[in-house]
file start38.tsv (TSV, C-alpha atoms)
chain	number	residue	atom	x	y	z
A	83	MET	CA	14.20	-3.30	-20.39
A	84	SER	CA	13.67	-6.97	-21.09
A	85	ARG	CA	10.55	-8.88	-20.15
A	86	ASN	CA	10.79	-10.68	-16.82
A	87	PRO	CA	7.67	-12.80	-16.10
A	88	HIS	CA	8.92	-13.50	-12.57
A	89	ALA	CA	9.33	-9.84	-11.55
A	90	LEU	CA	7.24	-8.69	-8.60
A	91	VAL	CA	7.07	-4.95	-8.00
A	92	LEU	CA	6.16	-4.09	-4.40
A	93	LEU	CA	4.79	-0.66	-3.54
A	94	PRO	CA	5.04	0.53	0.09
A	95	GLY	CA	2.47	2.71	1.79
A	96	LEU	CA	2.68	6.03	3.59
A	97	LEU	CA	6.07	6.48	5.32
A	98	CYS	CA	6.98	2.86	4.63
A	99	ASP	CA	9.92	1.29	2.81
A	100	ARG	CA	11.27	-2.16	1.98
A	101	ALA	CA	10.86	-3.27	5.59
A	102	VAL	CA	7.06	-3.38	5.26
A	103	TRP	CA	7.48	-6.14	2.65
A	104	GLU	CA	10.49	-7.87	4.20
A	105	PRO	CA	8.66	-11.06	5.35
A	106	GLN	CA	7.19	-11.53	1.87
A	107	ILE	CA	10.52	-10.79	0.16
A	108	ALA	CA	12.24	-13.40	2.35
A	109	ALA	CA	9.68	-16.02	1.36
A	110	LEU	CA	9.35	-15.17	-2.35
A	111	SER	CA	12.76	-13.96	-3.47
A	112	GLY	CA	14.00	-17.41	-4.44
A	113	ARG	CA	11.29	-17.62	-7.09
A	114	TYR	CA	10.58	-13.98	-7.91
A	115	ASP	CA	12.70	-10.92	-8.54
A	116	CYS	CA	11.26	-8.62	-5.87
A	117	ILE	CA	11.63	-4.92	-6.68
A	118	VAL	CA	10.58	-2.39	-4.01
A	119	ALA	CA	9.71	1.09	-5.22
A	120	ASP	CA	11.19	4.18	-3.57
A	121	TYR	CA	9.12	7.32	-4.18
A	122	GLY	CA	11.78	9.75	-2.99
A	123	ALA	CA	10.21	13.15	-2.37
A	124	ALA	CA	7.39	12.69	-4.92
A	125	ASP	CA	4.27	14.65	-3.95
A	126	SER	CA	1.69	13.10	-6.28
A	127	LEU	CA	0.49	9.57	-6.89
A	128	ALA	CA	1.16	10.05	-10.60
A	129	SER	CA	4.83	10.93	-10.00
A	130	MET	CA	5.19	8.00	-7.60
A	131	ALA	CA	3.79	5.70	-10.30
A	132	LYS	CA	6.15	7.19	-12.88
A	133	SER	CA	9.22	6.54	-10.71
A	134	ALA	CA	8.09	2.97	-9.98
A	135	LEU	CA	7.61	2.30	-13.70
A	136	GLU	CA	11.07	3.65	-14.49
A	137	SER	CA	12.70	1.06	-12.23
A	138	ALA	CA	10.50	-1.87	-13.32
A	139	PRO	CA	10.96	-4.35	-16.18
A	140	SER	CA	8.71	-4.20	-19.21
A	141	ARG	CA	6.16	-6.58	-17.65
A	142	PHE	CA	5.67	-7.54	-14.01
A	143	SER	CA	3.29	-8.55	-11.25
A	144	LEU	CA	2.33	-5.61	-9.03
A	145	ALA	CA	1.39	-5.46	-5.34
A	146	GLY	CA	0.66	-2.29	-3.41
A	147	HIS	CA	-0.07	-1.81	0.29
A	148	SER	CA	-2.07	1.17	1.61
A	149	MET	CA	-0.92	4.27	-0.31
A	150	GLY	CA	1.02	1.81	-2.48
A	151	GLY	CA	-2.30	0.37	-3.63
A	152	ARG	CA	-3.29	3.79	-4.90
A	153	VAL	CA	0.09	4.07	-6.66
A	154	ALA	CA	-0.59	0.66	-8.23
A	155	LEU	CA	-3.88	1.94	-9.62
A	156	GLU	CA	-2.07	4.94	-11.11
A	157	ILE	CA	0.32	2.52	-12.79
A	158	LEU	CA	-2.71	0.71	-14.21
A	159	ARG	CA	-4.12	4.04	-15.36
A	160	ASN	CA	-0.96	4.82	-17.34
A	161	ALA	CA	0.58	1.48	-18.36
A	162	PRO	CA	-1.96	-1.35	-18.01
A	163	GLN	CA	-0.19	-3.43	-20.66
A	164	ARG	CA	2.84	-3.80	-18.39
A	165	VAL	CA	0.96	-5.31	-15.43
A	166	ALA	CA	0.54	-9.09	-15.52
A	167	ARG	CA	-1.16	-9.41	-12.12
A	168	LEU	CA	-2.42	-6.97	-9.51
A	169	ALA	CA	-2.68	-7.20	-5.72
A	170	LEU	CA	-4.25	-4.40	-3.66
A	171	LEU	CA	-3.69	-4.62	0.10
A	172	ASP	CA	-5.38	-2.47	2.76
A	173	THR	CA	-5.99	0.42	0.41
A	174	GLY	CA	-8.69	2.64	-1.09
A	175	HIS	CA	-9.98	3.95	-4.38
A	176	GLN	CA	-12.06	7.06	-3.71
A	177	ALA	CA	-11.00	10.67	-4.12
A	178	ARG	CA	-10.93	12.86	-1.02
A	179	PRO	CA	-14.52	13.83	-0.25
A	180	GLU	CA	-15.62	17.40	-0.73
A	181	GLY	CA	-16.84	19.66	2.04
A	182	GLU	CA	-16.50	19.05	5.76
A	183	ALA	CA	-15.42	15.42	5.47
A	184	GLY	CA	-12.54	16.30	3.18
A	185	GLU	CA	-11.48	19.21	5.37
A	186	ALA	CA	-11.58	16.98	8.44
A	187	GLU	CA	-9.30	14.45	6.73
A	188	ALA	CA	-6.83	17.17	5.82
A	189	ALA	CA	-6.86	18.55	9.36
A	190	LYS	CA	-6.20	15.11	10.82
A	191	ARG	CA	-3.27	14.49	8.50
A	192	TYR	CA	-1.74	17.93	9.05
A	193	ARG	CA	-2.08	17.57	12.83
A	194	LEU	CA	0.22	14.55	12.56
A	195	LEU	CA	2.62	16.55	10.40
A	196	ASP	CA	2.69	19.25	13.07
A	197	ILE	CA	3.70	16.62	15.63
A	198	ALA	CA	6.44	15.36	13.30
A	199	LEU	CA	7.79	18.88	12.85
A	200	SER	CA	7.68	19.81	16.52
A	201	GLN	CA	8.49	16.51	18.25
A	202	GLY	CA	10.03	14.24	15.62
A	203	MET	CA	8.95	11.41	13.37
A	204	ARG	CA	9.05	8.67	16.04
A	205	VAL	CA	6.77	10.61	18.38
A	206	MET	CA	4.35	11.20	15.53
A	207	GLY	CA	4.60	7.52	14.61
A	208	ARG	CA	3.45	6.42	18.05
A	209	GLU	CA	0.37	8.59	17.69
A	210	TRP	CA	-0.31	7.37	14.14
A	211	LEU	CA	0.13	3.71	15.07
A	212	ARG	CA	-2.85	3.65	17.43
A	213	GLY	CA	-5.22	3.18	14.54
A	214	MET	CA	-2.86	1.27	12.25
A	215	VAL	CA	-2.43	-2.10	13.97
A	216	HIS	CA	-4.75	-4.54	15.73
A	217	PRO	CA	-5.24	-3.31	19.33
A	218	ASP	CA	-3.80	-6.57	20.67
A	219	ARG	CA	-0.59	-5.90	18.75
A	220	LEU	CA	0.21	-2.55	20.35
A	221	GLN	CA	2.22	-4.42	22.99
A	222	ASP	CA	4.25	-6.32	20.39
A	223	GLU	CA	7.54	-4.48	20.87
A	224	ALA	CA	9.31	-6.00	17.85
A	225	LEU	CA	6.45	-5.10	15.51
A	226	ILE	CA	6.05	-1.58	16.86
A	227	GLU	CA	9.80	-0.93	16.69
A	228	CYS	CA	9.92	-2.16	13.08
A	229	ILE	CA	7.18	0.30	12.11
A	230	LEU	CA	8.62	3.20	14.11
A	231	ALA	CA	12.05	2.61	12.58
A	232	MET	CA	10.55	2.85	9.09
A	233	ILE	CA	8.82	6.09	9.98
A	234	ALA	CA	12.03	7.48	11.52
A	235	ARG	CA	13.89	6.84	8.25
A	236	LYS	CA	11.60	9.38	6.58
A	237	THR	CA	11.67	13.14	7.08
A	238	PRO	CA	8.86	15.62	7.79
A	239	GLY	CA	9.43	16.91	4.26
A	240	ILE	CA	8.72	13.48	2.77
A	241	PHE	CA	5.71	13.14	5.08
A	242	ALA	CA	4.36	16.48	3.84
A	243	ALA	CA	4.86	15.43	0.21
A	244	GLN	CA	3.02	12.14	0.74
A	245	ILE	CA	0.18	13.92	2.54
A	246	ARG	CA	-0.22	16.21	-0.48
A	247	ALA	CA	-0.28	13.17	-2.76
A	248	LEU	CA	-3.02	11.52	-0.72
A	249	LEU	CA	-5.14	14.63	-0.32
A	250	ASP	CA	-4.99	15.25	-4.09
A	251	ARG	CA	-5.74	11.62	-4.97
A	252	PRO	CA	-8.05	11.02	-7.94
A	253	SER	CA	-10.88	8.52	-7.98
A	254	ALA	CA	-9.62	5.17	-9.23
A	255	GLU	CA	-13.05	3.68	-9.97
A	256	PRO	CA	-12.70	3.97	-13.79
A	257	VAL	CA	-9.29	2.29	-13.60
A	258	MET	CA	-10.60	-0.60	-11.50
A	259	ARG	CA	-13.53	-1.25	-13.81
A	260	ALA	CA	-11.06	-1.56	-16.70
A	261	VAL	CA	-8.72	-4.05	-14.99
A	262	ARG	CA	-8.55	-7.39	-16.79
A	263	CYS	CA	-5.54	-9.07	-15.17
A	264	ARG	CA	-5.69	-11.54	-12.28
A	265	THR	CA	-6.36	-9.49	-9.16
A	266	LEU	CA	-6.11	-10.14	-5.43
A	267	VAL	CA	-7.80	-7.75	-2.99
A	268	LEU	CA	-6.60	-8.26	0.59
A	269	CYS	CA	-7.57	-6.64	3.87
A	270	GLY	CA	-7.08	-7.14	7.60
A	271	ARG	CA	-10.35	-8.02	9.30
A	272	GLN	CA	-9.79	-5.28	11.89
A	273	ASP	CA	-8.34	-2.66	9.54
A	274	GLY	CA	-9.82	0.53	10.97
A	275	TRP	CA	-8.18	2.81	8.42
A	276	SER	CA	-9.16	0.96	5.22
A	277	PRO	CA	-12.10	-1.18	6.33
A	278	LEU	CA	-13.20	-4.51	4.92
A	279	ALA	CA	-16.39	-3.05	3.40
A	280	ARG	CA	-14.27	-0.84	1.16
A	281	HIS	CA	-12.32	-3.86	-0.08
A	282	GLU	CA	-15.52	-5.76	-0.75
A	283	GLU	CA	-16.55	-2.84	-2.95
A	284	ILE	CA	-13.19	-2.83	-4.73
A	285	ALA	CA	-13.43	-6.57	-5.38
A	286	ARG	CA	-16.89	-6.12	-6.89
A	287	MET	CA	-15.60	-3.46	-9.28
A	288	ILE	CA	-12.71	-5.53	-10.66
A	289	THR	CA	-13.72	-8.36	-12.96
A	290	GLY	CA	-12.79	-11.73	-11.46
A	291	ALA	CA	-11.03	-10.27	-8.39
A	292	ARG	CA	-10.49	-12.54	-5.39
A	293	LEU	CA	-10.99	-11.12	-1.90
A	294	ALA	CA	-8.77	-12.39	0.93
A	295	VAL	CA	-9.49	-11.42	4.55
A	296	ILE	CA	-6.62	-11.66	7.02
A	297	GLU	CA	-7.96	-12.53	10.46
A	298	ASP	CA	-6.78	-10.80	13.65
A	299	SER	CA	-5.01	-8.03	11.76
A	300	GLY	CA	-5.25	-4.28	11.46
A	301	HIS	CA	-3.95	-2.13	8.60
A	302	MET	CA	-0.34	-3.34	8.64
A	303	THR	CA	-1.13	-6.86	7.45
A	304	THR	CA	2.22	-7.62	5.83
A	305	LEU	CA	3.92	-7.27	9.21
A	306	GLU	CA	1.10	-8.21	11.58
A	307	ARG	CA	0.22	-11.51	9.86
A	308	PRO	CA	3.14	-12.10	7.48
A	309	GLN	CA	2.58	-15.82	6.91
A	310	ALA	CA	-1.09	-15.39	6.00
A	311	VAL	CA	-0.30	-12.52	3.63
A	312	THR	CA	2.55	-14.43	2.02
A	313	ALA	CA	0.30	-17.46	1.50
A	314	ALA	CA	-2.30	-15.29	-0.22
A	315	LEU	CA	0.34	-13.74	-2.47
A	316	GLU	CA	1.80	-17.15	-3.31
A	317	GLY	CA	-1.62	-18.37	-4.40
A	318	TRP	CA	-2.15	-15.25	-6.49
A	319	LEU	CA	1.26	-15.57	-8.16
A	320	ALA	CA	0.97	-19.30	-8.82
A	321	ALA	CA	-2.60	-19.42	-10.14
A	322	ALA	CA	-3.02	-19.98	-13.86
A	323	ASP	CA	-4.41	-17.07	-15.86
call {"tool": "encode", "arguments": {"input": "start38.tsv", "output": "structure tokens"}}
result
Amino acid sequence: MSRNPHALVLLPGLLCDRAVWEPQIAALSGRYDCIVADYGAADSLASMAKSALESAPSRFSLAGHSMGGRVALEILRNAPQRVARLALLDTGHQARPEGEAGEAEAAKRYRLLDIALSQGMRVMGREWLRGMVHPDRLQDEALIECILAMIARKTPGIFAAQIRALLDRPSAEPVMRAVRCRTLVLCGRQDGWSPLARHEEIARMITGARLAVIEDSGHMTTLERPQAVTAALEGWLAAAD
């Protein structure tokens, strides 16, 4: 594959697809070749990273949201020379904790899978959404429908595979400490799933990283506050190395 300095690879999060990046694609596609990864039925972050790399040019800018941020760090673990710039949005870096905390996380995730299997993906999505968006945005019918439609396009089998990938996630701290490309770390101020304090820690670990806080937003920043997120990405893409 030939080098494309204007390629931007976008990595969706759990149960998300191109729609989670659609506002940014609409704003950036005239200047950047936006490529959205599709993980298929992959059940590990490493295999998700492998599939994203297979569809990407030889060198590109890379942005990942939520689980996509963890996939981005796996790409950095395996092919750092291909990544020109890195953006990590509403994500995390730690492995699943051991003991009771780790078991509680697994139980919470599998409870949602049980709902998906017994009542359908949209019903599960309404339960999941309660902690995913700013409380004030739960009455935003267009936003909620966009997210539920994404979830409904996935199957319980894909949900189960992505749960396995997240529960088996490795620590990305060594990868972050080795990053040397221009990096943006972005988080919604009211992100209850991947809180701001975690992103402050990530930004401290990555040399020269810039932290951007999106006000009045929960976890789904790209859709909740699309203009603010797009502006942050534009600044990250345009800045000189």
call {"tool": "closest_atom_pairs", "arguments": {"input": "start38.tsv", "of": "segment 162-243 of chain A", "to": "segment 101-125 of chain A", "cutoff": "10 Å", "atoms": "all atoms listed in the file", "output": "tab-separated table"}}
result
residue	atom	partner	partner_atom	distance
A:Cys228	CA	A:Ala101	CA	7.6
A:Ile229	CA	A:Val102	CA	7.8
A:Ala231	CA	A:Ala101	CA	9.2
A:Met232	CA	A:Ala101	CA	7.1
A:Lys236	CA	A:Gly122	CA	9.6
A:Thr237	CA	A:Ala123	CA	9.6
A:Gly239	CA	A:Ala123	CA	7.7
A:Ile240	CA	A:Ala123	CA	5.4
A:Phe241	CA	A:Ala123	CA	8.7
A:Ala242	CA	A:Asp125	CA	8.0
A:Ala243	CA	A:Asp125	CA	4.3
call {"tool": "atom_distance", "arguments": {"input": "start38.tsv", "atom1": "atom CA of Ser143 of chain A", "atom2": "atom CA of Leu97 of chain A"}}
result
22.5 Å
call {"tool": "atom_distance", "arguments": {"input": "start38.tsv", "atom1": "atom CA of Ala294 of chain A", "atom2": "atom CA of Arg191 of chain A"}}
result
28.5 Å
call {"tool": "closest_residue", "arguments": {"input": "start38.tsv", "among": "A:Gly150, A:Pro238, A:Leu249, A:Leu127", "to": "Arg100 of chain A", "atoms": "all atoms listed in the file"}}
result
A:Gly150
call {"tool": "atom_distance", "arguments": {"input": "start38.tsv", "atom1": "atom CA of Ala189 of chain A", "atom2": "atom CA of Met206 of chain A"}}
result
14.8 Å
call {"tool": "closest_residue", "arguments": {"input": "start38.tsv", "among": "A:Ala188, A:Met302, A:Ile284, A:Ala224", "to": "Arg212 of chain A", "atoms": "all atoms listed in the file"}}
result
A:Met302
call {"tool": "residues_around", "arguments": {"input": "start38.tsv", "residues": "segment 263-268 of chain A", "least_positions_apart": "4", "cutoff": "7 Å", "atoms": "all atoms listed in the file", "output": "PyMOL selection string"}}
result
chain A and resi 166-172+281+285+291-295+318+323
call {"tool": "residues_around", "arguments": {"input": "start38.tsv", "residues": "Arg251 of chain A", "least_positions_apart": "3", "cutoff": "9 Å", "atoms": "all atoms listed in the file", "output": "short mmCIF file (atom, residue, chain, number, x, y, z; two decimals) with C-alpha atoms, keeping the file's coordinate frame"}}
result
data_model
loop_
_atom_site.label_atom_id
_atom_site.label_comp_id
_atom_site.auth_asym_id
_atom_site.auth_seq_id
_atom_site.Cartn_x
_atom_site.Cartn_y
_atom_site.Cartn_z
CA SER A 126 1.69 13.10 -6.28
CA LEU A 127 0.49 9.57 -6.89
CA ARG A 152 -3.29 3.79 -4.90
CA HIS A 175 -9.98 3.95 -4.38
CA GLN A 176 -12.06 7.06 -3.71
CA ALA A 177 -11.00 10.67 -4.12
CA ARG A 178 -10.93 12.86 -1.02
CA ARG A 246 -0.22 16.21 -0.48
CA ALA A 247 -0.28 13.17 -2.76
CA LEU A 248 -3.02 11.52 -0.72
CA ALA A 254 -9.62 5.17 -9.23
#
call {"tool": "closest_residue", "arguments": {"input": "start38.tsv", "among": "A:Glu209, A:Asp250, A:Glu306, A:Glu316", "to": "Ala145 of chain A", "atoms": "all atoms listed in the file"}}
result
A:Glu316
call {"tool": "residues_near_point", "arguments": {"input": "start38.tsv", "point": "(-9.7, 0.7, 8.9)", "cutoff": "9 Å", "atoms": "only C-alpha atoms", "output": "MDAnalysis selection string"}}
result
chainID A and resid 172 213:214 270:278 300:301
call {"tool": "closest_residue", "arguments": {"input": "start38.tsv", "among": "A:Val165, A:Lys132, A:Ser148, A:Ile197", "to": "His88 of chain A", "atoms": "only C-alpha atoms"}}
result
A:Val165
call {"tool": "decode", "arguments": {"input": "start38.tsv", "residues": "segment 148-265 of chain A", "atoms": "C-alpha atoms", "output": "mmCIF file, in the first residue's frame"}}
result
data_model
loop_
_atom_site.group_PDB
_atom_site.id
_atom_site.type_symbol
_atom_site.label_atom_id
_atom_site.label_comp_id
_atom_site.auth_asym_id
_atom_site.auth_seq_id
_atom_site.Cartn_x
_atom_site.Cartn_y
_atom_site.Cartn_z
ATOM 1 C CA SER A 148 -13.623 4.043 23.801
ATOM 2 C CA MET A 149 -12.719 0.429 22.959
ATOM 3 C CA GLY A 150 -11.281 1.872 19.739
ATOM 4 C CA GLY A 151 -8.700 3.701 21.837
ATOM 5 C CA ARG A 152 -7.533 0.385 23.213
ATOM 6 C CA VAL A 153 -7.379 -0.992 19.655
ATOM 7 C CA ALA A 154 -5.296 2.056 18.707
ATOM 8 C CA LEU A 155 -2.819 1.241 21.467
ATOM 9 C CA GLU A 156 -2.573 -2.335 20.162
ATOM 10 C CA ILE A 157 -1.766 -0.912 16.736
ATOM 11 C CA LEU A 158 0.976 1.152 18.379
ATOM 12 C CA ARG A 159 2.226 -1.965 20.145
ATOM 13 C CA ASN A 160 2.609 -3.820 16.839
ATOM 14 C CA ALA A 161 3.272 -1.192 14.155
ATOM 15 C CA PRO A 162 4.333 2.125 15.718
ATOM 16 C CA GLN A 163 6.230 3.144 12.583
ATOM 17 C CA ARG A 164 2.967 3.341 10.640
ATOM 18 C CA VAL A 165 1.246 5.829 12.973
ATOM 19 C CA ALA A 166 1.933 9.501 12.230
ATOM 20 C CA ARG A 167 -0.398 10.911 14.907
ATOM 21 C CA LEU A 168 -2.503 9.428 17.683
ATOM 22 C CA ALA A 169 -5.797 10.535 19.250
ATOM 23 C CA LEU A 170 -7.320 8.659 22.197
ATOM 24 C CA LEU A 171 -10.924 9.568 23.029
ATOM 25 C CA ASP A 172 -12.871 8.473 26.126
ATOM 26 C CA THR A 173 -10.826 5.333 26.618
ATOM 27 C CA GLY A 174 -8.608 3.473 29.073
ATOM 28 C CA HIS A 175 -5.245 1.779 29.373
ATOM 29 C CA GLN A 176 -5.347 -0.584 32.343
ATOM 30 C CA ALA A 177 -5.830 -4.341 32.281
ATOM 31 C CA ARG A 178 -8.907 -5.765 33.987
ATOM 32 C CA PRO A 179 -8.221 -5.748 37.723
ATOM 33 C CA GLU A 180 -7.741 -9.012 39.535
ATOM 34 C CA GLY A 181 -9.995 -10.303 42.277
ATOM 35 C CA GLU A 182 -13.423 -8.980 43.185
ATOM 36 C CA ALA A 183 -13.188 -5.818 41.091
ATOM 37 C CA GLY A 184 -12.423 -7.775 37.949
ATOM 38 C CA GLU A 185 -15.170 -10.295 38.651
ATOM 39 C CA ALA A 186 -17.645 -7.473 39.235
ATOM 40 C CA GLU A 187 -16.761 -5.933 35.868
ATOM 41 C CA ALA A 188 -17.269 -9.251 34.118
ATOM 42 C CA ALA A 189 -20.610 -9.782 35.848
ATOM 43 C CA LYS A 190 -21.809 -6.325 34.829
ATOM 44 C CA ARG A 191 -20.863 -6.874 31.201
ATOM 45 C CA TYR A 192 -22.387 -10.352 31.034
ATOM 46 C CA ARG A 193 -25.614 -9.113 32.631
ATOM 47 C CA LEU A 194 -25.984 -6.789 29.640
ATOM 48 C CA LEU A 195 -25.253 -9.680 27.286
ATOM 49 C CA ASP A 196 -28.005 -11.685 28.978
ATOM 50 C CA ILE A 197 -30.436 -8.834 28.286
ATOM 51 C CA ALA A 198 -29.322 -8.726 24.642
ATOM 52 C CA LEU A 199 -29.875 -12.467 24.280
ATOM 53 C CA SER A 200 -33.250 -12.529 26.000
ATOM 54 C CA GLN A 201 -34.771 -9.179 24.985
ATOM 55 C CA GLY A 202 -32.775 -7.929 22.013
ATOM 56 C CA MET A 203 -29.978 -5.486 21.331
ATOM 57 C CA ARG A 204 -32.111 -2.323 21.451
ATOM 58 C CA VAL A 205 -33.505 -3.162 24.888
ATOM 59 C CA MET A 206 -29.995 -3.838 26.134
ATOM 60 C CA GLY A 207 -28.854 -0.588 24.525
ATOM 61 C CA ARG A 208 -31.353 1.464 26.506
ATOM 62 C CA GLU A 209 -29.992 -0.031 29.711
ATOM 63 C CA TRP A 210 -26.369 0.506 28.655
ATOM 64 C CA LEU A 211 -26.977 4.101 27.570
ATOM 65 C CA ARG A 212 -27.859 5.307 31.056
ATOM 66 C CA GLY A 213 -24.213 5.638 31.951
ATOM 67 C CA MET A 214 -22.913 6.444 28.475
ATOM 68 C CA VAL A 215 -24.255 9.941 27.777
ATOM 69 C CA HIS A 216 -24.607 13.140 29.783
ATOM 70 C CA PRO A 217 -27.786 12.867 31.898
ATOM 71 C CA ASP A 218 -29.226 15.950 30.197
ATOM 72 C CA ARG A 219 -28.903 14.204 26.837
ATOM 73 C CA LEU A 220 -31.055 11.197 27.673
ATOM 74 C CA GLN A 221 -34.065 13.120 26.342
ATOM 75 C CA ASP A 222 -32.338 13.930 23.044
ATOM 76 C CA GLU A 223 -34.351 11.577 20.837
ATOM 77 C CA ALA A 224 -32.184 11.988 17.726
ATOM 78 C CA LEU A 225 -28.982 11.229 19.641
ATOM 79 C CA ILE A 226 -30.439 8.259 21.493
ATOM 80 C CA GLU A 227 -31.921 6.803 18.295
ATOM 81 C CA CYS A 228 -28.567 7.150 16.505
ATOM 82 C CA ILE A 229 -26.833 5.187 19.268
ATOM 83 C CA LEU A 230 -29.574 2.555 19.558
ATOM 84 C CA ALA A 231 -29.550 2.050 15.790
ATOM 85 C CA MET A 232 -25.799 1.381 15.895
ATOM 86 C CA ILE A 233 -26.257 -1.144 18.670
ATOM 87 C CA ALA A 234 -29.130 -2.819 16.804
ATOM 88 C CA ARG A 235 -26.880 -3.319 13.765
ATOM 89 C CA LYS A 236 -24.712 -5.617 15.892
ATOM 90 C CA THR A 237 -25.625 -9.103 17.084
ATOM 91 C CA PRO A 238 -25.386 -10.700 20.533
ATOM 92 C CA GLY A 239 -22.578 -12.827 19.088
ATOM 93 C CA ILE A 240 -20.544 -9.737 18.193
ATOM 94 C CA PHE A 241 -21.348 -8.258 21.611
ATOM 95 C CA ALA A 242 -20.046 -11.423 23.297
ATOM 96 C CA ALA A 243 -16.859 -11.323 21.206
ATOM 97 C CA GLN A 244 -16.202 -7.687 22.097
ATOM 98 C CA ILE A 245 -16.852 -8.376 25.780
ATOM 99 C CA ARG A 246 -14.217 -11.134 25.667
ATOM 100 C CA ALA A 247 -11.783 -8.721 24.016
ATOM 101 C CA LEU A 248 -12.304 -6.116 26.723
ATOM 102 C CA LEU A 249 -12.145 -8.536 29.632
ATOM 103 C CA ASP A 250 -8.869 -9.981 28.276
ATOM 104 C CA ARG A 251 -7.347 -6.557 27.583
ATOM 105 C CA PRO A 252 -3.640 -6.144 28.352
ATOM 106 C CA SER A 253 -2.151 -3.166 30.131
ATOM 107 C CA ALA A 254 -1.156 -0.519 27.603
ATOM 108 C CA GLU A 255 1.103 1.473 29.936
ATOM 109 C CA PRO A 256 4.368 0.279 28.298
ATOM 110 C CA VAL A 257 2.973 1.198 24.874
ATOM 111 C CA MET A 258 1.951 4.682 25.987
ATOM 112 C CA ARG A 259 5.329 5.428 27.541
ATOM 113 C CA ALA A 260 6.955 4.560 24.198
ATOM 114 C CA VAL A 261 4.715 6.803 22.051
ATOM 115 C CA ARG A 262 6.659 9.548 20.285
ATOM 116 C CA CYS A 263 4.136 10.857 17.751
ATOM 117 C CA ARG A 264 1.873 13.881 18.246
ATOM 118 C CA THR A 265 -0.904 12.750 20.581
#
